[in-house]
Protein chains: 4
Amino acid sequence: MTSKKDLNRDKRELLDGVVSGNIPFHKLDNMTDKKAAVKIRRYSLEESYGFDFDHIQNFSIDVEEAGKKNIENMVGVIQVPLGIAGPLKVNGEHAEGIFKLPLATTEGALVASVNRGCSVITRAGGANVRIFRDLMTRAPVFKLENVVSAKEFSDWLQDLAVISRIKAKASETTRFGELVDLQTYVTGNTVHVRFLYDTKDAMGMNMVTIATDAILTLIEDEFGAVPVSISGNMCIDKKPAAINSILGRGKTVIADVTIPADIVEERLKCKPDTMVEVNYRKNLLGSVRAVSLGYNAHAANVIAAMYIACGQDPAHVVEGSSAISTMELTRYGDLYCSVTLPAMAVGTVGGGTNLGTQHDCLRLLGVSGSGDPPGSNSKKLAEIIASAVLAGEISLVGAQAAGHLAKAHAELGR
Amino acid sequence: MTSKKDLNRDKRELLDGVVSGNIPFHKLDNMTDKKAAVKIRRYSLEESYGFDFDHIQNFSIDVEEAGKKNIENMVGVIQVPLGIAGPLKVNGEHAEGIFKLPLATTEGALVASVNRGCSVITRAGGANVRIFRDLMTRAPVFKLENVVSAKEFSDWLQDLAVISRIKAKASETTRFGELVDLQTYVTGNTVHVRFLYDTKDAMGMNMVTIATDAILTLIEDEFGAVPVSISGNMCIDKKPAAINSILGRGKTVIADVTIPADIVEERLKCKPDTMVEVNYRKNLLGSVRAVSLGYNAHAANVIAAMYIACGQDPAHVVEGSSAISTMELTRYGDLYCSVTLPAMAVGTVGGGTNLGTQHDCLRLLGVSGSGDPPGSNSKKLAEIIASAVLAGEISLVGAQAAGHLAKAHAELGR
Amino acid sequence: MTSKKDLNRDKRELLDGVVSGNIPFHKLDNMTDKKAAVKIRRYSLEESYGFDFDHIQNFSIDVEEAGKKNIENMVGVIQVPLGIAGPLKVNGEHAEGIFKLPLATTEGALVASVNRGCSVITRAGGANVRIFRDLMTRAPVFKLENVVSAKEFSDWLQDLAVISRIKAKASETTRFGELVDLQTYVTGNTVHVRFLYDTKDAMGMNMVTIATDAILTLIEDEFGAVPVSISGNMCIDKKPAAINSILGRGKTVIADVTIPADIVEERLKCKPDTMVEVNYRKNLLGSVRAVSLGYNAHAANVIAAMYIACGQDPAHVVEGSSAISTMELTRYGDLYCSVTLPAMAVGTVGGGTNLGTQHDCLRLLGVSGSGDPPGSNSKKLAEIIASAVLAGEISLVGAQAAGHLAKAHAELGR
Amino acid sequence: MTSKKDLNRDKRELLDGVVSGNIPFHKLDNMTDKKAAVKIRRYSLEESYGFDFDHIQNFSIDVEEAGKKNIENMVGVIQVPLGIAGPLKVNGEHAEGIFKLPLATTEGALVASVNRGCSVITRAGGANVRIFRDLMTRAPVFKLENVVSAKEFSDWLQDLAVISRIKAKASETTRFGELVDLQTYVTGNTVHVRFLYDTKDAMGMNMVTIATDAILTLIEDEFGAVPVSISGNMCIDKKPAAINSILGRGKTVIADVTIPADIVEERLKCKPDTMVEVNYRKNLLGSVRAVSLGYNAHAANVIAAMYIACGQDPAHVVEGSSAISTMELTRYGDLYCSVTLPAMAVGTVGGGTNLGTQHDCLRLLGVSGSGDPPGSNSKKLAEIIASAVLAGEISLVGAQAAGHLAKAHAELGR
């Protein structure tokens, strides 16, 4: 048991108050400085549970900053090992050049696997990447009297003058964001309205929530429709859903590469047609039979690792897992590989992007903070991540085609 | 630019080799000690990119350990802020009592939100939790000649003597795991076989991959069916899928609580029927109209935060996002809330559970390492996480019912 | 065995030719009149199989007409029993008044069930109905070189001048139809383009196929993209699919009604809240847990019966089965019921609408042939069918709430 | 206006009573003979609407029989044109030999298309067919107190003695049917129990409803769980759903064939690899991108036509539409084609199978009535229909590969 001797008398009293239950964790922030509050909470747990933490107290990130934007009741940090894959050549519209990929993960073999894929892609000339759509959504839900009034509401929402006022209202709440479009979905007396925003370099969930909240006021004032909830799950955030797979949310990004047959054989120890076969029976037929929304090998692994490294929201891995991987033989016997990510939510400002370690990783990729023009940094990040996912898919499908999966895990993973 | 003066001459030469491209990152581990390798990689990036990392070098976890099991090409760590929610009373079969929940996140307001839910649940007597199923799967895919041979293969796999030999084969590869069942799915000439294992306190993906690899050999030897891939995506791992929602994967866990009306009003500032209304039009109708597999408010947020804190695989947040939340008015006007998690993949041994900070969190919950009996620790962890998800759902739906969502984010999130 | 004596010598020879296998069925139409061809085919089956048909030869529809537009190798007809449900009061924008519903079915109890629902709705003042969208789609698929050219193609298809030329091209092929919009979906190197048409009173599948075929020529000529198939399954026809549930196909129609509590109790022998409960645990939770696209009790039954009666394509029952039924208690304790049909494909010209018996049914509903203005007849038909589906839902959910389902089937169905 | 002179005075009075609204349609059956009732209803419509029916009065099916089992408020019949495709060679376990397929449809070109597919399959040696599963389901839904009692209920339902009593109870209600298995799915306090029955030659929906009704009584008596509805939509009937795609419902049937390259070229006017390409980008990628449960070209068309011809329930076309079609190049350059139908609901007794014209078609296929052994006739029918679907898929994909779709429709369909 640590002696807690480093606490002065005032703080020792606070600690006693917390341990005795008189002071709740969240009150501490206003009773002492944030650093001390973190320590007192941690000490209180140690006293209550009768053991000492070994590691969570070791950190360098700014407690003030984190406490304002990222965490409540902070007691320390989790350290997630950070590895580097690459170099990876990316031929995007925003990301052009060679990148080293930061991956934060505890899954043995993941970095090595992505690394191998990077090597193959780079040797083949790099990954092509394109962004097809870039809009963040928020969809409140309303209850109307019946389908007749729902139709009137739906018609009203298509009136150009109304839309113009709604856009103006939204723009009052944000410097960067812009309402681009809205879509209406009716179910009996229930109306979901999906607002679509350009949020530039921010992932944008907060921005669109605040803007939509203002719009709700306008709608209540002008039309009289009562919002049941500012989010009615047709947004839809952090849940796998067809609407995002089809219409996109955040960034719709596609990466591909054609790998010459000899590179496949030399680097991946298998033939192009074997990889096509694995991709077909696994990523297509297998996912079809499992009635999955994800037609890929392990997109979620790569996305999770890069999201944690780069201060993105790891719950958005959900949307990333709906990727579609294709592999085809070209007429010349080479291997065409693609990965389509319909709904990638990333940003280079806000969220966890300002925390020390995460900021380090964004700098490594050259995408920290706002881009010039605004939006270009988050697009660049999206293009890099999509290329990394492509690397992961090529490597894992290659390993399964070569029959190496089990062995790789046996050696590296345990 | 740091001067890298702390490197001796040998290591300085290694650094030069890396910077010049002659020594690839992954070779370093065999050329020097692991700690030095981490440093040299980091320095090489700094030299190549012309900037210094500010934070990733600050860590306390064991580099040897991490390098063996969790990461390749390590250069440092990502620090994820760790906050505490709770106390939360859990009435499970494995988790019984009061728990403080470790949540690692960068999403402002999340810990506060879960904390509020914990308070409501605890005041209402605690969350009931039950586990309905606990089996990890791996599903290789085979190509047969045609449907006639596919039927023969399918029939052969239902032969009791064959199944017995398959189980014996699997048991040779693992001390703890046990093959419990197998299911066969045929599509034309393609056969997916889903093997279901009890993996005790391990999440089990590696265990079942190795066991299934052995089974593949037996099948090739005895029946002659050729495996296309050891994973044919009917497992299905880290992709949202109906097969897991329906049949489960990992642990199928359900938590519920009935909250007296007065507690709802006092703590959540709204009425039970308003929360029922929000849950109905958002989590049910909204998700239905989005054609989603997730019928919840933000299960993924809570799962991601607890997974990262507890050394679980964050890519498994995907499966967690398929949770179903229900809210109903009881005949006495109280609020019944439940959350059904069909496919939770967690473990208390292996993966990231041994890393210093993660281990701290598992100890806080009293679930580090193997349980007695084996499997009880991972079940306890699953029950706690499901209860935490329930807390998150109650809090967020309550906030949306009270119209607070936007404001909460405005204050805490930016 | 019939003696076939009614055949003259020439036709007897044709019969011999068919029986001996020298004349295939489809050649007959050009070797004799259509009526004789029907008979000869039927006789040939009787001779080959050694039995006489008892009923298929009894029909009154026009063989010439049917042979031109509806059937090949005709040998007779199937007689499907036709019953009447109603009167049903409909308060639509196109269907206003009292209707008697023609239902062709072999499922005992179905007409009785719909009839009961009609009585309840009519007593409650009639069904409100609104159409929210009315566009038929066809979506060819193209293979491009890679994602770079796919993006160029996608951009080209958003060029206003290009869209204008495409619309002009489409309009050359049809008097009534009109291309309204197009949407582009990219997956790696694969591009699906979904063309959306207003097809007025025609269901429109043929019209949009022909128009899209012309567009393919323009695209090949101008951009050089090669169509793989004129239908790439993002149309998507006669397959259950989220894209149609979300974006609609054909007509998106919603019907609802609020039933006073006393009518529920008197006619349906149960209470409003019991029906709300059944609808919630069955049509919502049950379908959610089954991972279904249909959230209703038996919409497909009513749609199939009305489609067969009215000369619609019975394979389009698939789209109809994706209906969403909601039931809610109003603040006054009455029962609000709705049914949302996202993708109803119906028409009053073309298809089977001109056949004698089917034409009779369309006349009964006052919707045969082209409406004035064009499109109003098919919209009226859609509103009536949606109201009929609502009647079926109310009746079946009511029966299940009253615990009558099994008994009703026992009495009527066997 | 027909003079209705063929009615005698008594019946003329009934007609007046109906027209004036004093006698509802369904009362007529008990006031006169069924044939007269049909006529009086029809006349009453003619008087009310002021027009004469031209065709619905022309029929030969037995009104007594139909009125007892298939229809209420009958007024006549719908005549659906019946065409013949084939011969088709089927190599099933129950259907072995050459069949001529009855197809009732109003969609021009459908019979011709299936016919072409039959010719290709037969030339290639016939379609292999296998049935992998044959169980009809019914799934009542229960509301329990909370998850604790839901777990107890779930455990109770796994008790072998309980299952044995449930099976005995079910067997009291049916001579042929047999309860084979039960599965439990819990969502919070809601429990769905899916009962699986072998229903032999009956499609079985009525049989399983009656048996399950008896089981509900046992469960209420023994455990005290209250059924909310005898069908809780996890059955799931006539709605597209993953549970049926994955676990099957009714018969899971797969048909395939390998077509030599020269037959493809000669008969389908295209190359095997073009058809593989169309199937891949349309039936796989297109359906994936549409988030569809159906991965086929037009299975629903063929199933609808054969179901209507053979007295099956056309609303079950919904389940048939979830078929998966695959096409692959063999190592010899030939074309492997398969169609997987996870949930086909067919029977040769009950439903519409006894009606005159439908019975004619079942006799044509040699499957009318109960098979010997029981179940063999419905299995034979399922094998034939699956082979017919395969023929339809090959023909349509072939047409699209050859670029013929639009032209075929232009010539035949309008």
# chains A, B, ... in the order shown; residues from 1 in each chain; ligands from 1
>>> closest_atom_pairs(of="chain B", to="chain C", cutoff="7 Å", atoms="only C-alpha atoms", output="JSON lines")
{"residue": "B:Ala242", "atom": "CA", "partner": "C:Val291", "partner_atom": "CA", "distance": 6.2}
{"residue": "B:Ile246", "atom": "CA", "partner": "C:Arg289", "partner_atom": "CA", "distance": 6.6}
{"residue": "B:Arg289", "atom": "CA", "partner": "C:Ile246", "partner_atom": "CA", "distance": 6.6}
{"residue": "B:Ala290", "atom": "CA", "partner": "C:Ile246", "partner_atom": "CA", "distance": 6.9}
{"residue": "B:Val291", "atom": "CA", "partner": "C:Ala242", "partner_atom": "CA", "distance": 6.3}
>>> residues_around(residues="C:Val148", least_positions_apart="4", cutoff="7 Å", atoms="only C-alpha atoms", output="number ranges by chain")
A: 128, 130; C: 152
>>> write_last_selection(atoms="N, CA, C and O atoms", output="PDB file, in the first residue's frame")
ATOM      1  N   ASN A 128      -4.371   3.445 -54.806  1.00  0.00           N
ATOM      2  CA  ASN A 128      -5.240   4.533 -55.264  1.00  0.00           C
ATOM      3  C   ASN A 128      -6.336   4.747 -54.220  1.00  0.00           C
ATOM      4  O   ASN A 128      -6.879   3.780 -53.692  1.00  0.00           O
ATOM      5  N   ARG A 130      -9.899   7.261 -53.316  1.00  0.00           N
ATOM      6  CA  ARG A 130     -10.799   8.350 -53.656  1.00  0.00           C
ATOM      7  C   ARG A 130     -11.890   8.445 -52.589  1.00  0.00           C
ATOM      8  O   ARG A 130     -12.352   7.441 -52.058  1.00  0.00           O
TER       9      ARG A 130
ATOM     10  N   GLU C 152     -14.076   9.162 -61.825  1.00  0.00           N
ATOM     11  CA  GLU C 152     -14.323  10.003 -63.000  1.00  0.00           C
ATOM     12  C   GLU C 152     -15.716   9.751 -63.584  1.00  0.00           C
ATOM     13  O   GLU C 152     -16.423  10.672 -63.951  1.00  0.00           O
TER      14      GLU C 152
END
>>> select_by_dssp(residues="stretch 310-386 of chain C", states="helix (DSSP H, G or I)", output="list in words")
Pro314, Ala315, His316, Val317, Val318, Glu319, Gly320, Gly356, Thr357, Gln358, His359, Asp360, Cys361, Leu362, Arg363, Leu364, Ser376, Asn377, Ser378, Lys379, Lys380, Leu381, Ala382, Glu383, Ile384, Ile385 and Ala386 of chain C
>>> write_last_selection(atoms="N, CA, C and O atoms", output="JSON list (two decimals), in the first residue's frame")
[["chain", "number", "residue", "atom", "x", "y", "z"],
["C", 314, "PRO", "N", -47.27, -11.18, -59.00],
["C", 314, "PRO", "CA", -47.26, -11.73, -57.64],
["C", 314, "PRO", "C", -45.86, -11.84, -57.05],
["C", 314, "PRO", "O", -45.71, -11.91, -55.83],
["C", 315, "ALA", "N", -44.82, -11.82, -57.87],
["C", 315, "ALA", "CA", -43.46, -11.86, -57.33],
["C", 315, "ALA", "C", -43.13, -10.56, -56.59],
["C", 315, "ALA", "O", -42.23, -10.50, -55.77],
["C", 316, "HIS", "N", -43.89, -9.51, -56.88],
["C", 316, "HIS", "CA", -43.68, -8.25, -56.15],
["C", 316, "HIS", "C", -44.24, -8.28, -54.74],
["C", 316, "HIS", "O", -44.14, -7.30, -54.00],
["C", 317, "VAL", "N", -44.84, -9.39, -54.38],
["C", 317, "VAL", "CA", -45.23, -9.60, -52.98],
["C", 317, "VAL", "C", -44.00, -9.46, -52.08],
["C", 317, "VAL", "O", -44.08, -9.02, -50.93],
["C", 318, "VAL", "N", -42.85, -9.82, -52.63],
["C", 318, "VAL", "CA", -41.61, -9.74, -51.86],
["C", 318, "VAL", "C", -41.42, -8.34, -51.28],
["C", 318, "VAL", "O", -41.18, -8.18, -50.08],
["C", 319, "GLU", "N", -41.52, -7.33, -52.12],
["C", 319, "GLU", "CA", -41.34, -5.95, -51.66],
["C", 319, "GLU", "C", -42.43, -5.59, -50.64],
["C", 319, "GLU", "O", -42.19, -4.88, -49.66],
["C", 320, "GLY", "N", -43.64, -6.06, -50.90],
["C", 320, "GLY", "CA", -44.74, -5.74, -50.00],
["C", 320, "GLY", "C", -44.54, -6.31, -48.61],
["C", 320, "GLY", "O", -45.02, -5.75, -47.61],
["C", 356, "GLY", "N", -59.12, -10.95, -68.76],
["C", 356, "GLY", "CA", -60.54, -10.81, -68.44],
["C", 356, "GLY", "C", -60.88, -10.73, -66.96],
["C", 356, "GLY", "O", -61.48, -9.76, -66.48],
["C", 357, "THR", "N", -60.48, -11.74, -66.21],
["C", 357, "THR", "CA", -60.89, -11.77, -64.80],
["C", 357, "THR", "C", -60.20, -10.67, -64.01],
["C", 357, "THR", "O", -60.79, -10.07, -63.11],
["C", 358, "GLN", "N", -58.96, -10.42, -64.30],
["C", 358, "GLN", "CA", -58.21, -9.37, -63.61],
["C", 358, "GLN", "C", -58.81, -8.00, -63.93],
["C", 358, "GLN", "O", -58.93, -7.15, -63.05],
["C", 359, "HIS", "N", -59.18, -7.83, -65.18],
["C", 359, "HIS", "CA", -59.79, -6.57, -65.60],
["C", 359, "HIS", "C", -61.11, -6.35, -64.85],
["C", 359, "HIS", "O", -61.42, -5.22, -64.45],
["C", 360, "ASP", "N", -61.86, -7.40, -64.66],
["C", 360, "ASP", "CA", -63.09, -7.32, -63.86],
["C", 360, "ASP", "C", -62.81, -6.71, -62.47],
["C", 360, "ASP", "O", -63.56, -5.87, -61.99],
["C", 361, "CYS", "N", -61.74, -7.17, -61.87],
["C", 361, "CYS", "CA", -61.43, -6.70, -60.50],
["C", 361, "CYS", "C", -60.99, -5.24, -60.51],
["C", 361, "CYS", "O", -61.34, -4.47, -59.60],
["C", 362, "LEU", "N", -60.21, -4.86, -61.51],
["C", 362, "LEU", "CA", -59.78, -3.46, -61.58],
["C", 362, "LEU", "C", -60.99, -2.55, -61.79],
["C", 362, "LEU", "O", -61.08, -1.46, -61.23],
["C", 363, "ARG", "N", -61.92, -3.02, -62.59],
["C", 363, "ARG", "CA", -63.15, -2.23, -62.79],
["C", 363, "ARG", "C", -63.93, -2.12, -61.48],
["C", 363, "ARG", "O", -64.49, -1.06, -61.18],
["C", 364, "LEU", "N", -63.98, -3.20, -60.73],
["C", 364, "LEU", "CA", -64.69, -3.16, -59.44],
["C", 364, "LEU", "C", -64.13, -2.05, -58.56],
["C", 364, "LEU", "O", -64.86, -1.40, -57.79],
["C", 376, "SER", "N", -52.88, 8.57, -61.89],
["C", 376, "SER", "CA", -53.82, 8.63, -60.78],
["C", 376, "SER", "C", -54.49, 7.28, -60.52],
["C", 376, "SER", "O", -54.82, 6.97, -59.38],
["C", 377, "ASN", "N", -54.66, 6.47, -61.54],
["C", 377, "ASN", "CA", -55.25, 5.15, -61.31],
["C", 377, "ASN", "C", -54.34, 4.23, -60.53],
["C", 377, "ASN", "O", -54.77, 3.54, -59.60],
["C", 378, "SER", "N", -53.08, 4.20, -60.89],
["C", 378, "SER", "CA", -52.17, 3.32, -60.16],
["C", 378, "SER", "C", -51.99, 3.82, -58.73],
["C", 378, "SER", "O", -51.83, 3.02, -57.79],
["C", 379, "LYS", "N", -52.01, 5.13, -58.53],
["C", 379, "LYS", "CA", -51.91, 5.66, -57.17],
["C", 379, "LYS", "C", -53.14, 5.28, -56.36],
["C", 379, "LYS", "O", -53.05, 4.94, -55.18],
["C", 380, "LYS", "N", -54.30, 5.36, -57.00],
["C", 380, "LYS", "CA", -55.54, 4.98, -56.31],
["C", 380, "LYS", "C", -55.48, 3.50, -55.90],
["C", 380, "LYS", "O", -55.82, 3.14, -54.78],
["C", 381, "LEU", "N", -55.04, 2.67, -56.84],
["C", 381, "LEU", "CA", -54.92, 1.25, -56.53],
["C", 381, "LEU", "C", -53.98, 1.03, -55.35],
["C", 381, "LEU", "O", -54.25, 0.24, -54.43],
["C", 382, "ALA", "N", -52.86, 1.73, -55.35],
["C", 382, "ALA", "CA", -51.89, 1.59, -54.26],
["C", 382, "ALA", "C", -52.51, 2.00, -52.92],
["C", 382, "ALA", "O", -52.31, 1.35, -51.89],
["C", 383, "GLU", "N", -53.27, 3.08, -52.93],
["C", 383, "GLU", "CA", -53.90, 3.52, -51.68],
["C", 383, "GLU", "C", -54.91, 2.49, -51.16],
["C", 383, "GLU", "O", -55.01, 2.25, -49.96],
["C", 384, "ILE", "N", -55.65, 1.89, -52.09],
["C", 384, "ILE", "CA", -56.62, 0.88, -51.67],
["C", 384, "ILE", "C", -55.91, -0.35, -51.10],
["C", 384, "ILE", "O", -56.30, -0.88, -50.04],
["C", 385, "ILE", "N", -54.87, -0.80, -51.79],
["C", 385, "ILE", "CA", -54.16, -1.99, -51.30],
["C", 385, "ILE", "C", -53.52, -1.72, -49.94],
["C", 385, "ILE", "O", -53.57, -2.56, -49.03],
["C", 386, "ALA", "N", -52.93, -0.56, -49.76],
["C", 386, "ALA", "CA", -52.34, -0.24, -48.45],
["C", 386, "ALA", "C", -53.39, -0.26, -47.35],
["C", 386, "ALA", "O", -53.15, -0.76, -46.25]]
>>> closest_residue(among="D:Met136, D:Pro240, D:Leu157, D:Val208", to="D:Glu222", atoms="only C-alpha atoms")
D:Leu157
>>> residues_around(residues="D:Gly177", least_positions_apart="4", cutoff="10 Å", atoms="only C-alpha atoms", output="JSON, numbers by chain")
{"D": [136, 170, 171, 172, 173, 197, 198, 199, 200, 201, 202, 204, 207, 208, 211]}
>>> residues_around(residues="stretch 99-102 of chain A", least_positions_apart="6", cutoff="6 Å", atoms="only C-alpha atoms", output="ChimeraX atom specification")
/A:83-88
>>> residues_around(residues="A:Leu341", least_positions_apart="3", cutoff="7 Å", atoms="only C-alpha atoms", output="PyMOL selection string")
chain A and resi 252-254+320+322-324+344
>>> residues_around(residues="B:Phe25", least_positions_apart="2", cutoff="7 Å", atoms="only C-alpha atoms", output="VMD selection string")
chain B and resid 18 23 27 to 28 41 73
>>> atom_distance(atom1="atom CA of D:Tyr185", atom2="atom CA of D:Ala161")
20.0 Å
>>> select_by_dssp(residues="stretch 287-376 of chain D", states="strand (DSSP E or B)", output="list of chain:residue names")
D:Ser292, D:Tyr295, D:Ile324, D:Ser325, D:Thr326, D:Met327, D:Glu328, D:Leu329, D:Leu335, D:Tyr336, D:Cys337, D:Ser338, D:Val339, D:Thr340, D:Leu341, D:Pro342, D:Ala343, D:Met344, D:Val349
